[in-house]
Structure formats: C-alpha cells, structure tokens
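Here's the structure, in structure tokens; my notes come after.
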Amino acid sequence: MIMEDQEKSKAQLLHELQTSRRQLVELESRVGRHQESMKRLSMLATFPEQNPNMVIEINQNGMVSYLNPVAQHRFPELWVRGFQHPLLTSVPSIITTLKQDGQDYIGREVDLGDAVYEQKICYLREEGLIRIFSHDITALRRAEEAVQQMAEQLRGLARRVVMAQEEERQRVSRELHDEAGQALTALKISLELILESLPPDAAEPGQNLAEAIALTHTTRQRIRLLAQGLHPPVLTTLGINLALEDLCRDFSKRTQIMIDYQGLEIPPQTDAIHLCLYRFLQEALTNVAEHAGAAQVWVNLDVRDAHVCLSVQDNGRGIDGGNAMFLAKNSGGIGLLGMRERLQLLDGRLEIDSKKGMGTRVTAHLPMGKTL
Ligand SMILES: Nc1ncnc2c1ncn2[C@@H]1O[C@H](COP(=O)(O)OP(=O)(O)O)[C@@H](O)[C@H]1O
Ligand SMILES: [Mg+2]
C-alpha cells in the first residue's frame, strides 16, 4: 500500500517536472524572440540604411555627407541644395544651439506644404556629425486637420440651429401676441357690449356671457405668458435678475413647487448670455416639473472666477445612476443636450450633480462677455 502511494507521487512529480520543462523551453524561446527584436531595433538606429525614415548626415564643414536610401529617393536634390533646402531650414542655428547648450538633440516639425515631417536633429559629439531623422507625419496631421474642420463645421451648424430657433420663437411669439392676443381682446370687448345690451330679466344668458368673458380674459393672459416665454422682452426691459426671478415666480404659481431665488446683481452681459441663461432656467425648471417630483427648488445666480454661474437645485428623486447625459441621449429628449450645446457655443459648460433620491443640481457656467 505504502509502495503504491510512493509510486503515485513519483509519477505526479515526474509529470510536474515535464510541465515545468516545457514552460521553461517556451519562456526561453520568448526571451530569444524578444532579444532578437531588440537587436533589430538597435540595428535600425545604428544602421541608417535600414531605417524606414529619412536619415541625413551633415559633416563638420556643414555639407550633406550622407543620405539613407529613403532620403536619397525622396529628396536627391539635398546633395546640391544643402541648408538651402526647405527640409533643412534653420538647421545651422539649431546646430549652434546644440553645440553651445550641450544638448544631444532638438525635435521640431517641418511643414513643406505637401508634406509634414517630424524631425529629430542629433549632435554626435564624438564623430562631430549632425544626424537628422525625418519621420513623415503628413497623414496624421491631415487627419487632425480634418477632425478640427469637422468640429468647427458642427459648431457653426449648432450656432445656426440656435439662431434659427430663436428667430422662429420670436416670430411665433409676435404672432401670438399681435394676432391671437388682439383678436381675443376684441372678442372680450364685443362680449361685454352684448352683456350691457341684454335686457335686465335675461339672467341666464347674462351669466353665460359673464363666464365667456372671464374665459376670454384668462385665455388672453395665458397667451401673453406663452408669448413672453417664447421671446422674453423682460430680458431687455427688466434686466437678467428680474427676468429670471419673474420666470421662477410664474413657474411656482403654475406648479405649486416652492422656489427660493437668490440673484447677485451681476454686471450687464451680452444679449446672447442673457438669453442663454434664461433658456437654461426654463429648461431646468421644466425638467424639475416633469421628472423630479420635488417640493422645493433653489435657484442661484452669481459670479465665480470671471464666470456667470446659474444653478438650479431640487430636492426630488435625483437622476437614476447619476449619468444624466447618458439618460439624455437615450431619452430622445433634447433638453440637457440642447442646454450643453447652447452653453458650449458661448465657451461655457454644463455641470450636473445628482444622486438617486438626493435631488439634482444643474449649473450653467458662462465666461463673461461672450457673444454668439
Ligand atoms: N431635475 C431632474 N430630476 C430627475 N431627473 C431628471 C432631472 N432632469 C433631467 N432628468 C432626467 O434626465 C433625462 C434627460 O432630460 P432631458 O434631456 O431634459 O430630456 P427630457 O426632459 O425630454 O426627457 C430625463 O428624461 C430624466 O430622466
Ligand atoms: Mg427636459
């Protein structure tokens, strides 16, 4: 029995030994491969012939003394033009700096118009040679430029969308105010005239008419508020503080949610900033009414680090997962995304703080004095 156990553990040990040996062989071959590739890399550095980038050497007399095959193929005229060649612009003064400052190399970028190169200009002190490595980064630069151009186009487009939206709101607001508003006023006057001309014994029609007059009046009020929300004239007549406070008061009256407004008297800003702050508050309050289930809201306008900051904090249910932008993208709503877009157009940003069950705070930060 004991013999049997010993045999078993011997076999197991043998098996483990074989596995370890196999692992060792595998490791050795990996180390070998790694050393091989390191050797190849250092060969590339010391043997410019193999270098896939351009290598140019300048001797002590300031003459081009060597071009590797890539450089020879791309710019054979370097032999003749030397420092006059655009690829070697300012190289003499760089050589002077290298020699004076004791640096080993200086890196720079050279833009030839049709191609861009990243250059490393090295001083080989012992040989007294200058070796210049030039790496073609044209594709990278062109791609970066294309991305930047695209971002600018998008910004331009967003700006136009915002402006078109504001113009449309202004138009609808004017039409509501002038057309619908005035028609309702005229209707109210007509109804009042009919009411006056009714015989004194027509109690029931009189009652109905009075109700119609009251309804006309409240509809007229609602249209006035709607027109004002679409295009806030209060912004120019009252100033930003009173306009924002007015908006809070209307919201509170409409929704029965309490609002505490604290507004610092900020220096007058551009129309674009005033309108952006107003739209931000409208959107944030709409979100509170639609999603938060809050009983109280705190709105705060102040200035921090040359930025106008407007924050809207509620005590509602908070945003699930705290990731409001993710929700905004997936809710199909354009509220928060639109807000962020508008703020970015004025170099501002949107900040959202929220935890489930702990309320939400959205803040607009706008650098002072910007215009669209
Ligand atoms: N104050 C808030 N309290 C709770 N949830 C909010 C609040 N504001 C925004 N949210 C959440 O963020 C989402 C995105 O808001 P928004 O971009 O304005 O789109 P929408 O209001 O059209 O759904 C909302 O659907 C809601 O889930
Ligand atoms: Mg919304």
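A note on labels: chains of the structure tokens are A, B, ... as shown, every chain counts residues from 1, and ligands are counted from 1 in their shown order.
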Could you give me, as a ChimeraX atom specification, the residues within 12 Å of A:Glu290, counting only C-alpha atoms and dropping anything in the same chain fewer than 6 positions from it?
-> /A:255,257,283-284,316-317,333,335
Store the residues picked out above, limited to C-alpha atoms, as a PDB file, in the first residue's frame.
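Once everything was written out, this is selection-v3.pdb:
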```
ATOM      1  CA  THR A 255     -46.771  74.133 -10.462  1.00  0.00           C
ATOM      2  CA  ILE A 257     -43.470  73.992  -6.280  1.00  0.00           C
ATOM      3  CA  GLU A 283     -35.325  74.016 -19.427  1.00  0.00           C
ATOM      4  CA  ALA A 284     -34.063  73.164 -15.932  1.00  0.00           C
ATOM      5  CA  GLY A 316     -36.557  65.499  -5.902  1.00  0.00           C
ATOM      6  CA  ARG A 317     -35.840  61.881  -6.746  1.00  0.00           C
ATOM      7  CA  GLY A 333     -35.198  64.368 -25.225  1.00  0.00           C
ATOM      8  CA  GLY A 335     -33.269  69.216 -23.149  1.00  0.00           C
TER       9      GLY A 335
END
```
Surroundings of ligand 1 up to 10 Å, based on only C-alpha atoms and all ligand atoms, as an MDAnalysis selection string = chainID A and resid 283:294 297 312:320 322:340 352:362
Please, what distance in Å, to one decimal, runs between atom CA of A:Tyr261 and atom CA of A:Gln282?
->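 That distance, rounded to one decimal, is 13.8 Å.
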Per DSSP on the backbone, filter stretch 107-329 of chain A down to the residues in helix (DSSP H, G or I) and report them as a short mmCIF file (atom, residue, chain, number, x, y, z; two decimals) with C-alpha atoms, in the first residue's frame.
```
data_model
loop_
_atom_site.label_atom_id
_atom_site.label_comp_id
_atom_site.auth_asym_id
_atom_site.auth_seq_id
_atom_site.Cartn_x
_atom_site.Cartn_y
_atom_site.Cartn_z
CA THR A 138 1.55 64.07 -43.20
CA ALA A 139 -1.32 61.60 -42.91
CA LEU A 140 -1.60 62.18 -39.16
CA ARG A 141 -1.61 65.98 -39.49
CA ARG A 142 -4.12 65.91 -42.35
CA ALA A 143 -6.43 63.66 -40.31
CA GLU A 144 -6.14 66.01 -37.32
CA GLU A 145 -6.93 68.98 -39.53
CA ALA A 146 -9.95 67.20 -40.98
CA VAL A 147 -11.25 66.40 -37.49
CA GLN A 148 -10.79 70.02 -36.43
CA GLN A 149 -12.52 71.28 -39.55
CA MET A 150 -15.42 68.92 -38.93
CA ALA A 151 -15.71 70.10 -35.30
CA GLU A 152 -15.78 73.72 -36.49
CA GLN A 153 -18.44 72.90 -39.07
CA LEU A 154 -20.54 71.25 -36.36
CA ARG A 155 -20.14 74.28 -34.14
CA GLY A 156 -21.22 76.55 -36.98
CA LEU A 157 -24.21 74.35 -37.63
CA ALA A 158 -25.21 74.30 -33.96
CA ARG A 159 -24.92 78.09 -33.85
CA ARG A 160 -27.18 78.40 -36.88
CA VAL A 161 -29.73 76.00 -35.37
CA VAL A 162 -29.83 78.01 -32.13
CA MET A 163 -30.22 81.29 -34.02
CA ALA A 164 -32.91 79.89 -36.32
CA GLN A 165 -34.76 78.50 -33.30
CA GLU A 166 -34.65 81.88 -31.57
CA GLU A 167 -35.87 83.69 -34.72
CA GLU A 168 -38.74 81.23 -35.10
CA ARG A 169 -39.71 81.65 -31.44
CA GLN A 170 -39.66 85.40 -31.86
CA ARG A 171 -41.92 85.16 -34.91
CA VAL A 172 -44.43 82.82 -33.23
CA SER A 173 -44.33 84.97 -30.10
CA ARG A 174 -45.14 88.13 -32.08
CA GLU A 175 -47.94 86.41 -33.95
CA LEU A 176 -49.44 85.06 -30.73
CA HIS A 177 -49.22 88.44 -29.08
CA ASP A 178 -50.38 90.55 -32.00
CA GLU A 179 -52.86 88.32 -33.83
CA ALA A 180 -54.34 85.95 -31.26
CA GLY A 181 -53.98 88.39 -28.36
CA GLN A 182 -55.63 91.29 -30.13
CA ALA A 183 -58.42 89.09 -31.53
CA LEU A 184 -59.20 87.92 -28.00
CA THR A 185 -59.22 91.48 -26.70
CA ALA A 186 -61.65 92.46 -29.46
CA LEU A 187 -63.80 89.42 -28.68
CA LYS A 188 -63.87 90.34 -25.00
CA ILE A 189 -65.00 93.90 -25.78
CA SER A 190 -67.76 92.61 -28.09
CA LEU A 191 -68.98 90.20 -25.43
CA GLU A 192 -69.00 92.97 -22.85
CA LEU A 193 -71.07 95.16 -25.21
CA ILE A 194 -73.57 92.33 -25.72
CA LEU A 195 -73.73 91.82 -21.95
CA GLU A 196 -74.50 95.50 -21.43
CA SER A 197 -77.26 95.43 -24.06
CA ALA A 203 -80.33 86.35 -16.06
CA GLU A 204 -79.18 83.03 -17.54
CA PRO A 205 -77.72 84.32 -20.84
CA GLY A 206 -76.11 87.08 -18.76
CA GLN A 207 -74.44 84.50 -16.52
CA ASN A 208 -73.21 82.50 -19.55
CA LEU A 209 -71.84 85.66 -21.16
CA ALA A 210 -70.00 86.66 -17.98
CA GLU A 211 -68.36 83.23 -17.91
CA ALA A 212 -67.37 83.55 -21.58
CA ILE A 213 -65.85 86.97 -20.83
CA ALA A 214 -63.86 85.53 -17.90
CA LEU A 215 -62.63 82.65 -20.07
CA THR A 216 -61.58 85.08 -22.81
CA HIS A 217 -59.68 87.05 -20.20
CA THR A 218 -57.75 84.04 -18.78
CA THR A 219 -57.01 82.74 -22.29
CA ARG A 220 -55.63 86.19 -23.15
CA GLN A 221 -53.43 86.03 -20.02
CA ARG A 222 -52.17 82.56 -20.90
CA ILE A 223 -51.31 83.62 -24.43
CA ARG A 224 -49.44 86.61 -23.04
CA LEU A 225 -47.38 84.32 -20.80
CA LEU A 226 -46.75 81.88 -23.64
CA ALA A 227 -45.61 84.69 -25.95
CA GLN A 228 -43.38 86.01 -23.20
CA GLY A 229 -41.81 82.57 -22.62
CA LEU A 230 -41.14 82.20 -26.35
CA VAL A 234 -38.45 91.27 -19.96
CA LEU A 235 -34.79 90.46 -20.56
CA THR A 236 -34.15 93.84 -22.14
CA THR A 237 -36.58 95.88 -20.08
CA LEU A 238 -36.06 94.37 -16.63
CA ILE A 240 -31.44 89.45 -16.23
CA ASN A 241 -32.05 89.24 -12.48
CA LEU A 242 -35.66 90.37 -12.53
CA ALA A 243 -36.33 88.31 -15.68
CA LEU A 244 -35.07 85.12 -14.01
CA GLU A 245 -36.97 85.91 -10.81
CA ASP A 246 -40.14 86.51 -12.87
CA LEU A 247 -39.70 83.13 -14.54
CA CYS A 248 -39.36 81.47 -11.11
CA ARG A 249 -42.48 83.21 -9.81
CA ASP A 250 -44.56 82.11 -12.84
CA PHE A 251 -43.26 78.56 -12.53
CA SER A 252 -44.09 78.41 -8.82
CA LYS A 253 -47.60 79.75 -9.42
CA ARG A 254 -48.21 77.21 -12.18
CA THR A 255 -46.77 74.13 -10.46
CA ASP A 271 -27.78 89.55 -25.16
CA ALA A 272 -26.53 86.08 -26.10
CA ILE A 273 -25.55 85.35 -22.48
CA HIS A 274 -28.81 86.74 -21.06
CA LEU A 275 -30.88 84.65 -23.46
CA CYS A 276 -28.77 81.55 -22.81
CA LEU A 277 -29.26 81.90 -19.02
CA TYR A 278 -32.99 82.42 -19.50
CA ARG A 279 -33.35 79.34 -21.74
CA PHE A 280 -31.23 77.31 -19.33
CA LEU A 281 -33.53 78.18 -16.41
CA GLN A 282 -36.66 77.46 -18.49
CA GLU A 283 -35.33 74.02 -19.43
CA ALA A 284 -34.06 73.16 -15.93
CA LEU A 285 -37.39 74.13 -14.34
CA THR A 286 -39.34 72.17 -16.97
CA ASN A 287 -37.23 69.13 -16.07
CA VAL A 288 -37.94 69.64 -12.36
CA ALA A 289 -41.67 69.74 -13.07
CA GLU A 290 -41.56 66.75 -15.43
CA HIS A 291 -39.08 64.40 -13.76
CA ALA A 292 -38.03 65.41 -10.25
CA ASP A 320 -31.04 57.26 -11.70
CA GLY A 321 -27.40 56.19 -11.92
CA GLY A 322 -26.36 59.85 -11.83
CA ALA A 324 -27.76 62.41 -16.84
CA MET A 325 -26.07 62.84 -20.22
CA PHE A 326 -26.42 59.12 -20.88
CA LEU A 327 -30.11 59.35 -20.00
CA ALA A 328 -30.46 62.49 -22.10
CA LYS A 329 -29.04 60.69 -25.15
#
```
Identify, on the basis of only C-alpha atoms, every residue whose closest approach to stretch 49-63 of chain A does not exceed 7 Å; exclude the query and any residue fewer than 6 positions from it along the same chain; express the result as a PyMOL selection string.
-> chain A and resi 69-71+82+128-135
Let's have the selection written as a PDB file, in the first residue's frame, with N, CA and C atoms.
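Dumped to result23.pdb:
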```pdb
ATOM      1  N   PRO A  69      18.811  55.465 -48.086  1.00  0.00           N
ATOM      2  CA  PRO A  69      18.056  55.228 -49.318  1.00  0.00           C
ATOM      3  C   PRO A  69      16.721  55.953 -49.371  1.00  0.00           C
ATOM      4  N   VAL A  70      16.022  56.052 -48.218  1.00  0.00           N
ATOM      5  CA  VAL A  70      14.711  56.715 -48.222  1.00  0.00           C
ATOM      6  C   VAL A  70      14.890  58.194 -48.553  1.00  0.00           C
ATOM      7  N   ALA A  71      15.873  58.853 -47.917  1.00  0.00           N
ATOM      8  CA  ALA A  71      16.108  60.283 -48.163  1.00  0.00           C
ATOM      9  C   ALA A  71      16.581  60.506 -49.603  1.00  0.00           C
ATOM     10  N   GLY A  82      21.651  71.451 -49.950  1.00  0.00           N
ATOM     11  CA  GLY A  82      22.095  71.511 -48.555  1.00  0.00           C
ATOM     12  C   GLY A  82      21.148  72.306 -47.672  1.00  0.00           C
ATOM     13  N   GLY A 128      31.604  64.300 -34.410  1.00  0.00           N
ATOM     14  CA  GLY A 128      31.485  65.674 -34.912  1.00  0.00           C
ATOM     15  C   GLY A 128      30.454  65.773 -36.030  1.00  0.00           C
ATOM     16  N   LEU A 129      29.482  64.863 -36.035  1.00  0.00           N
ATOM     17  CA  LEU A 129      28.476  64.831 -37.107  1.00  0.00           C
ATOM     18  C   LEU A 129      27.107  65.264 -36.609  1.00  0.00           C
ATOM     19  N   ILE A 130      26.288  65.745 -37.534  1.00  0.00           N
ATOM     20  CA  ILE A 130      24.874  66.008 -37.218  1.00  0.00           C
ATOM     21  C   ILE A 130      24.066  64.956 -37.968  1.00  0.00           C
ATOM     22  N   ARG A 131      23.203  64.262 -37.253  1.00  0.00           N
ATOM     23  CA  ARG A 131      22.352  63.269 -37.931  1.00  0.00           C
ATOM     24  C   ARG A 131      20.892  63.697 -37.761  1.00  0.00           C
ATOM     25  N   ILE A 132      20.187  63.825 -38.878  1.00  0.00           N
ATOM     26  CA  ILE A 132      18.790  64.302 -38.825  1.00  0.00           C
ATOM     27  C   ILE A 132      17.847  63.172 -39.254  1.00  0.00           C
ATOM     28  N   PHE A 133      16.961  62.791 -38.341  1.00  0.00           N
ATOM     29  CA  PHE A 133      15.939  61.783 -38.661  1.00  0.00           C
ATOM     30  C   PHE A 133      14.651  62.533 -38.989  1.00  0.00           C
ATOM     31  N   SER A 134      14.025  62.208 -40.126  1.00  0.00           N
ATOM     32  CA  SER A 134      12.767  62.875 -40.502  1.00  0.00           C
ATOM     33  C   SER A 134      11.692  61.821 -40.737  1.00  0.00           C
ATOM     34  N   HIS A 135      10.626  61.957 -39.957  1.00  0.00           N
ATOM     35  CA  HIS A 135       9.545  60.970 -40.000  1.00  0.00           C
ATOM     36  C   HIS A 135       8.316  61.633 -40.626  1.00  0.00           C
TER      37      HIS A 135
END
```
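Ranking A:Leu343, A:Met258, A:Ile266, A:Val308 by their shortest atom-to-atom distance to A:Pro367, with only C-alpha atoms included, puts A:Val308 first.
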Where in stretch 87-299 of chain A does DSSP assign strand (DSSP E), given as a PyMOL selection string?
-> chain A and resi 105-111+116-124+129-136+258-263+296-299
